[in-house]
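Student: Pasting a structure below so you can have a look.
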Amino acid sequence: MSEKNELMVINEFQAPALNPELMEVYREEMDGLNFQFQRMKIPSGGGLAFEVPGDDPENPDLVKELVGIIVDKHPVNAYWADDYTGGNNPPNCSSLDGKHGTGEPGGICATCPFNQFGSDETSGGKACKNMHRVYLLQEGTIMPLLLTLPPTSIKNLSEYVVRLMNKGLNTKSVLTKVTLKKAVNKNGITYSQAVFSLAGKLSTEMAAQVAEYAESLRVHTRRLAVADDDYMQGNGNGKNLDEMDFDSPAESVM
């Protein structure tokens, strides 16, 4: 649905997560266990379908568009001192708010030398990867899916949020559609960008219900440690894209 047209008002969103009784059952089932968020993945090479976990963990479903409510989003940073070599490779330093790093070197992200353009000698971008986590709650689900945006998709999210704010809306008060488009960086490498558009406006009652659920979820989303699979998507299995494209995006390939 075009954002220029009259918005469809969503009075019901059928997600068990918004049912307090079902959420209490879920909390009892998860007692003593870590909350798990299934991850959506942006494909490499300019693919136009997300990889979404299905019934077979080894064969994810391919989905061209995702529709749901963004119940949380926040920046995360991660720095790996060595190149990715496969397996579990946690970052040497990471930040769950994009401001304060924990590990080596740790400290204030804004002034960290690894968080400056040019610190990655290979790409000319940053050695510390600036990402953004998006938690998308879909109908029929009890927990949101996690999509970690690489640096090259963050500008699209920022522009979408600004468009919502100009309408007096926020991501928790609307239904969002997420798709992919091809783009090319200055080195001629094709990659995929996430694109966000408005699919409907939640009623005042629904928005209040979502806001309450989202607040209860933050205690889990804001504690989830950064891992290698946050960054190893949409980048050719670890091949760095030039993050300079985040500030000066290449022309999209239709």
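Ligands are numbered from 1 in the order shown, residues from 1 within each chain, and chains are lettered A, B, ... in the order they appear in the structure tokens.
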How close does stretch 29-87 of chain A get to stretch 185-197 of chain A? List, as a Markdown table, each residue of stretch 29-87 of chain A within 10 Å, its nearest atom pair and the distance in Å to one decimal, counting only C-alpha atoms.
Tutor:
```
| residue | atom | partner | partner_atom | distance |
| --- | --- | --- | --- | --- |
| A:Ile42 | CA | A:Ser192 | CA | 6.9 |
| A:Pro43 | CA | A:Ser192 | CA | 6.7 |
| A:Ser44 | CA | A:Tyr191 | CA | 6.0 |
| A:Gly45 | CA | A:Tyr191 | CA | 4.8 |
| A:Gly46 | CA | A:Tyr191 | CA | 4.0 |
| A:Gly47 | CA | A:Ser192 | CA | 6.1 |
| A:Leu48 | CA | A:Ser192 | CA | 7.0 |
| A:Ala49 | CA | A:Ser192 | CA | 9.3 |
| A:Phe50 | CA | A:Ala194 | CA | 9.4 |
| A:Glu65 | CA | A:Val195 | CA | 9.7 |
| A:Leu66 | CA | A:Phe196 | CA | 9.6 |
| A:Val67 | CA | A:Ser197 | CA | 9.5 |
```
Student: Could you write those residues out with N, CA, C and O atoms, as a short mmCIF file (atom, residue, chain, number, x, y, z; two decimals), in the first residue's frame?
Tutor:
```cif
data_model
loop_
_atom_site.label_atom_id
_atom_site.label_comp_id
_atom_site.auth_asym_id
_atom_site.auth_seq_id
_atom_site.Cartn_x
_atom_site.Cartn_y
_atom_site.Cartn_z
N ILE A 42 19.48 -11.44 5.43
CA ILE A 42 19.55 -10.77 4.14
C ILE A 42 20.52 -11.56 3.27
O ILE A 42 21.65 -11.84 3.70
N PRO A 43 20.13 -11.95 2.06
CA PRO A 43 21.01 -12.77 1.22
C PRO A 43 22.20 -11.99 0.70
O PRO A 43 22.20 -10.76 0.68
N SER A 44 23.21 -12.70 0.26
CA SER A 44 24.36 -12.08 -0.37
C SER A 44 24.13 -12.00 -1.88
O SER A 44 23.22 -12.62 -2.42
N GLY A 45 24.94 -11.19 -2.56
CA GLY A 45 24.92 -11.14 -4.01
C GLY A 45 23.71 -10.48 -4.62
O GLY A 45 23.41 -10.69 -5.80
N GLY A 46 22.97 -9.69 -3.85
CA GLY A 46 21.84 -9.00 -4.41
C GLY A 46 20.56 -9.80 -4.50
O GLY A 46 19.65 -9.46 -5.25
N GLY A 47 20.46 -10.88 -3.74
CA GLY A 47 19.25 -11.68 -3.72
C GLY A 47 18.05 -10.89 -3.24
O GLY A 47 18.19 -9.95 -2.45
N LEU A 48 16.86 -11.26 -3.69
CA LEU A 48 15.65 -10.50 -3.38
C LEU A 48 14.69 -11.26 -2.48
O LEU A 48 13.50 -10.95 -2.43
N ALA A 49 15.18 -12.28 -1.78
CA ALA A 49 14.34 -13.05 -0.86
C ALA A 49 15.07 -13.23 0.46
O ALA A 49 16.24 -13.59 0.49
N PHE A 50 14.37 -12.94 1.56
CA PHE A 50 14.91 -13.17 2.89
C PHE A 50 14.97 -14.67 3.18
O PHE A 50 14.15 -15.44 2.68
N GLU A 65 8.80 -10.78 0.88
CA GLU A 65 8.40 -9.65 1.69
C GLU A 65 7.96 -10.11 3.07
O GLU A 65 7.44 -11.21 3.23
N LEU A 66 8.20 -9.27 4.04
CA LEU A 66 7.84 -9.54 5.43
C LEU A 66 6.91 -8.43 5.90
O LEU A 66 7.16 -7.25 5.63
N VAL A 67 5.85 -8.80 6.59
CA VAL A 67 4.91 -7.81 7.10
C VAL A 67 4.70 -8.07 8.59
O VAL A 67 4.46 -9.20 9.01
#
```
Student: Could you list, with a cut-off of 9 Å and counting only C-alpha atoms, the residues of stretch 102-196 of chain A near stretch 8-30 of chain A, each shown with its nearest atom pair and the distance in Å rounded to one decimal, rows sorted by chain and ascending number, as a Markdown table?
Tutor:
```
| residue | atom | partner | partner_atom | distance |
| --- | --- | --- | --- | --- |
| A:Leu137 | CA | A:Ala15 | CA | 7.9 |
| A:Gln138 | CA | A:Ala15 | CA | 7.0 |
| A:Glu139 | CA | A:Ala15 | CA | 4.8 |
| A:Gly140 | CA | A:Ala15 | CA | 4.6 |
| A:Thr141 | CA | A:Ala15 | CA | 5.3 |
| A:Ile142 | CA | A:Ala17 | CA | 4.1 |
| A:Met143 | CA | A:Ala17 | CA | 6.4 |
| A:Pro144 | CA | A:Ala17 | CA | 8.7 |
| A:Val174 | CA | A:Ile10 | CA | 8.3 |
| A:Leu175 | CA | A:Ile10 | CA | 8.1 |
```
Student: Store the residues picked out above, limited to N, CA, C and O atoms, as an mmCIF file, in the first residue's frame.
Tutor:
```cif
data_model
loop_
_atom_site.group_PDB
_atom_site.id
_atom_site.type_symbol
_atom_site.label_atom_id
_atom_site.label_comp_id
_atom_site.auth_asym_id
_atom_site.auth_seq_id
_atom_site.Cartn_x
_atom_site.Cartn_y
_atom_site.Cartn_z
ATOM 1 N N LEU A 137 7.402 -8.478 14.692
ATOM 2 C CA LEU A 137 6.373 -9.404 15.156
ATOM 3 C C LEU A 137 5.354 -9.616 14.036
ATOM 4 O O LEU A 137 4.708 -8.670 13.576
ATOM 5 N N GLN A 138 5.208 -10.862 13.588
ATOM 6 C CA GLN A 138 4.263 -11.183 12.531
ATOM 7 C C GLN A 138 3.009 -11.818 13.126
ATOM 8 O O GLN A 138 3.019 -12.330 14.253
ATOM 9 N N GLU A 139 1.932 -11.798 12.351
ATOM 10 C CA GLU A 139 0.700 -12.419 12.812
ATOM 11 C C GLU A 139 0.911 -13.909 13.025
ATOM 12 O O GLU A 139 1.662 -14.572 12.296
ATOM 13 N N GLY A 140 0.254 -14.439 14.067
ATOM 14 C CA GLY A 140 0.325 -15.866 14.351
ATOM 15 C C GLY A 140 1.563 -16.293 15.108
ATOM 16 O O GLY A 140 1.775 -17.490 15.324
ATOM 17 N N THR A 141 2.396 -15.340 15.534
ATOM 18 C CA THR A 141 3.642 -15.690 16.230
ATOM 19 C C THR A 141 3.633 -15.156 17.654
ATOM 20 O O THR A 141 2.944 -14.183 17.972
ATOM 21 N N ILE A 142 4.422 -15.792 18.499
ATOM 22 C CA ILE A 142 4.498 -15.380 19.896
ATOM 23 C C ILE A 142 5.768 -14.598 20.195
ATOM 24 O O ILE A 142 5.845 -13.869 21.176
ATOM 25 N N MET A 143 6.776 -14.746 19.335
ATOM 26 C CA MET A 143 8.011 -13.985 19.491
ATOM 27 C C MET A 143 8.385 -13.365 18.154
ATOM 28 O O MET A 143 8.172 -13.967 17.103
ATOM 29 N N PRO A 144 8.964 -12.171 18.176
ATOM 30 C CA PRO A 144 9.341 -11.528 16.913
ATOM 31 C C PRO A 144 10.555 -12.194 16.280
ATOM 32 O O PRO A 144 11.369 -12.829 16.966
ATOM 33 N N VAL A 174 2.308 1.043 13.718
ATOM 34 C CA VAL A 174 1.971 0.762 12.323
ATOM 35 C C VAL A 174 2.361 -0.673 11.959
ATOM 36 O O VAL A 174 3.127 -1.337 12.659
ATOM 37 N N LEU A 175 1.817 -1.109 10.844
ATOM 38 C CA LEU A 175 2.207 -2.360 10.217
ATOM 39 C C LEU A 175 3.251 -2.009 9.160
ATOM 40 O O LEU A 175 3.018 -1.127 8.322
#
```
Student: Could you pull out the strand (DSSP E or B) residues of stretch 1-243 of chain A from DSSP and send them as number ranges by chain?
Tutor: A: 9-10, 39-41, 50-52, 61-63, 66-79, 93-95, 100-103, 107-108, 128-137, 145-149, 174-184, 190-202
Student: Taking the chain letters and numbering used in this document, name the residues of stretch 36-150 of chain A that DSSP puts in helix (DSSP H, G or I), as number ranges by chain.
Tutor: A: 109-111, 113-115
Student: Please produce a file of those selected residues containing C-alpha atoms, as a tab-separated table (two decimals), in the first residue's frame.
Tutor:
```tsv
chain	number	residue	atom	x	y	z
A	109	CYS	CA	32.14	4.11	20.63
A	110	ALA	CA	32.08	7.60	19.11
A	111	THR	CA	35.76	8.22	19.84
A	113	PRO	CA	39.67	4.57	16.50
A	114	PHE	CA	38.12	1.37	15.13
A	115	ASN	CA	34.79	3.20	14.70
```
Student: Check the smallest atom-to-atom distance from each of A:Arg163, A:Lys64, A:Lys155, A:His74 to A:Val178 using only C-alpha atoms, then report the winner.
Tutor: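 Nearest candidate to A:Val178 out of A:Arg163, A:Lys64, A:Lys155, A:His74: A:Lys64.
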Student: May I ask which of the residues A:His132, A:Ile154, A:Lys172, A:Pro57 is the closest one to A:Thr204, counting only C-alpha atoms?
Tutor: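 Smallest separation from A:Thr204 among the options: A:Lys172.
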Student: Which residues are near A:Leu96? Cut-off 9 Å, only C-alpha atoms, ignore same chain within fewer than 2 positions. Put them as a compact mmCIF listing (two decimals) with N, CA, C and O atoms, in the first residue's frame.
Tutor:
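Writing done, so here's part-v7.txt:
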```
# COMPACT_ATOMS: atom_id res chain seq x y z
N HIS A 74 17.26 -1.25 17.71
CA HIS A 74 18.33 -0.52 18.37
C HIS A 74 19.67 -0.79 17.68
O HIS A 74 19.86 -1.84 17.05
N PRO A 75 20.61 0.14 17.79
CA PRO A 75 21.92 -0.04 17.16
C PRO A 75 22.77 -1.03 17.95
O PRO A 75 22.65 -1.14 19.18
N VAL A 76 23.62 -1.75 17.24
CA VAL A 76 24.64 -2.59 17.86
C VAL A 76 25.93 -2.41 17.07
O VAL A 76 25.90 -2.26 15.85
N ASN A 77 27.04 -2.42 17.77
CA ASN A 77 28.35 -2.35 17.14
C ASN A 77 29.14 -3.61 17.47
O ASN A 77 28.95 -4.21 18.54
N ALA A 78 30.03 -3.99 16.57
CA ALA A 78 30.87 -5.16 16.83
C ALA A 78 32.20 -5.01 16.11
O ALA A 78 32.25 -4.61 14.94
N SER A 94 32.03 -5.32 21.63
CA SER A 94 30.68 -5.13 21.11
C SER A 94 29.92 -4.13 21.96
O SER A 94 30.28 -3.85 23.11
N GLY A 98 25.20 0.93 20.75
CA GLY A 98 25.90 1.74 19.76
C GLY A 98 26.67 2.90 20.35
O GLY A 98 27.19 3.75 19.62
N LYS A 99 26.78 2.93 21.68
CA LYS A 99 27.43 4.05 22.36
C LYS A 99 28.58 3.61 23.26
O LYS A 99 29.60 4.30 23.34
N HIS A 100 28.40 2.49 23.96
CA HIS A 100 29.40 2.05 24.93
C HIS A 100 29.84 0.62 24.59
O HIS A 100 29.01 -0.29 24.55
N GLY A 101 31.13 0.45 24.35
CA GLY A 101 31.66 -0.85 23.98
C GLY A 101 32.14 -1.64 25.17
O GLY A 101 32.64 -1.08 26.15
N THR A 102 31.98 -2.96 25.09
CA THR A 102 32.46 -3.86 26.13
C THR A 102 33.41 -4.87 25.50
O THR A 102 33.09 -5.49 24.49
N ARG A 222 17.40 -6.28 24.68
CA ARG A 222 18.55 -5.42 24.94
C ARG A 222 19.67 -6.14 25.70
O ARG A 222 20.68 -5.51 26.05
N ARG A 223 19.49 -7.44 25.93
CA ARG A 223 20.53 -8.22 26.60
C ARG A 223 21.14 -9.29 25.70
O ARG A 223 22.05 -10.01 26.11
N LEU A 224 20.62 -9.42 24.49
CA LEU A 224 21.07 -10.47 23.59
C LEU A 224 22.46 -10.13 23.05
O LEU A 224 22.65 -9.14 22.34
N ALA A 225 23.45 -10.95 23.39
CA ALA A 225 24.83 -10.68 23.01
C ALA A 225 25.01 -10.66 21.50
O ALA A 225 24.35 -11.40 20.76
N VAL A 226 25.90 -9.80 21.03
CA VAL A 226 26.23 -9.74 19.61
C VAL A 226 27.06 -10.97 19.25
O VAL A 226 27.99 -11.34 19.95
```
Student: For A:His220, which residue among A:Gly103, A:Lys167, A:Asn92, A:Tyr135 is the nearest when counting only C-alpha atoms?
Tutor: A:Tyr135
Student: Using only C-alpha atoms for the distances, tell me which of A:Gly118, A:Val71, A:Thr179, A:Lys41 is nearest to A:Arg218.
Tutor: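 For A:Arg218, the nearest of the candidates is A:Val71.
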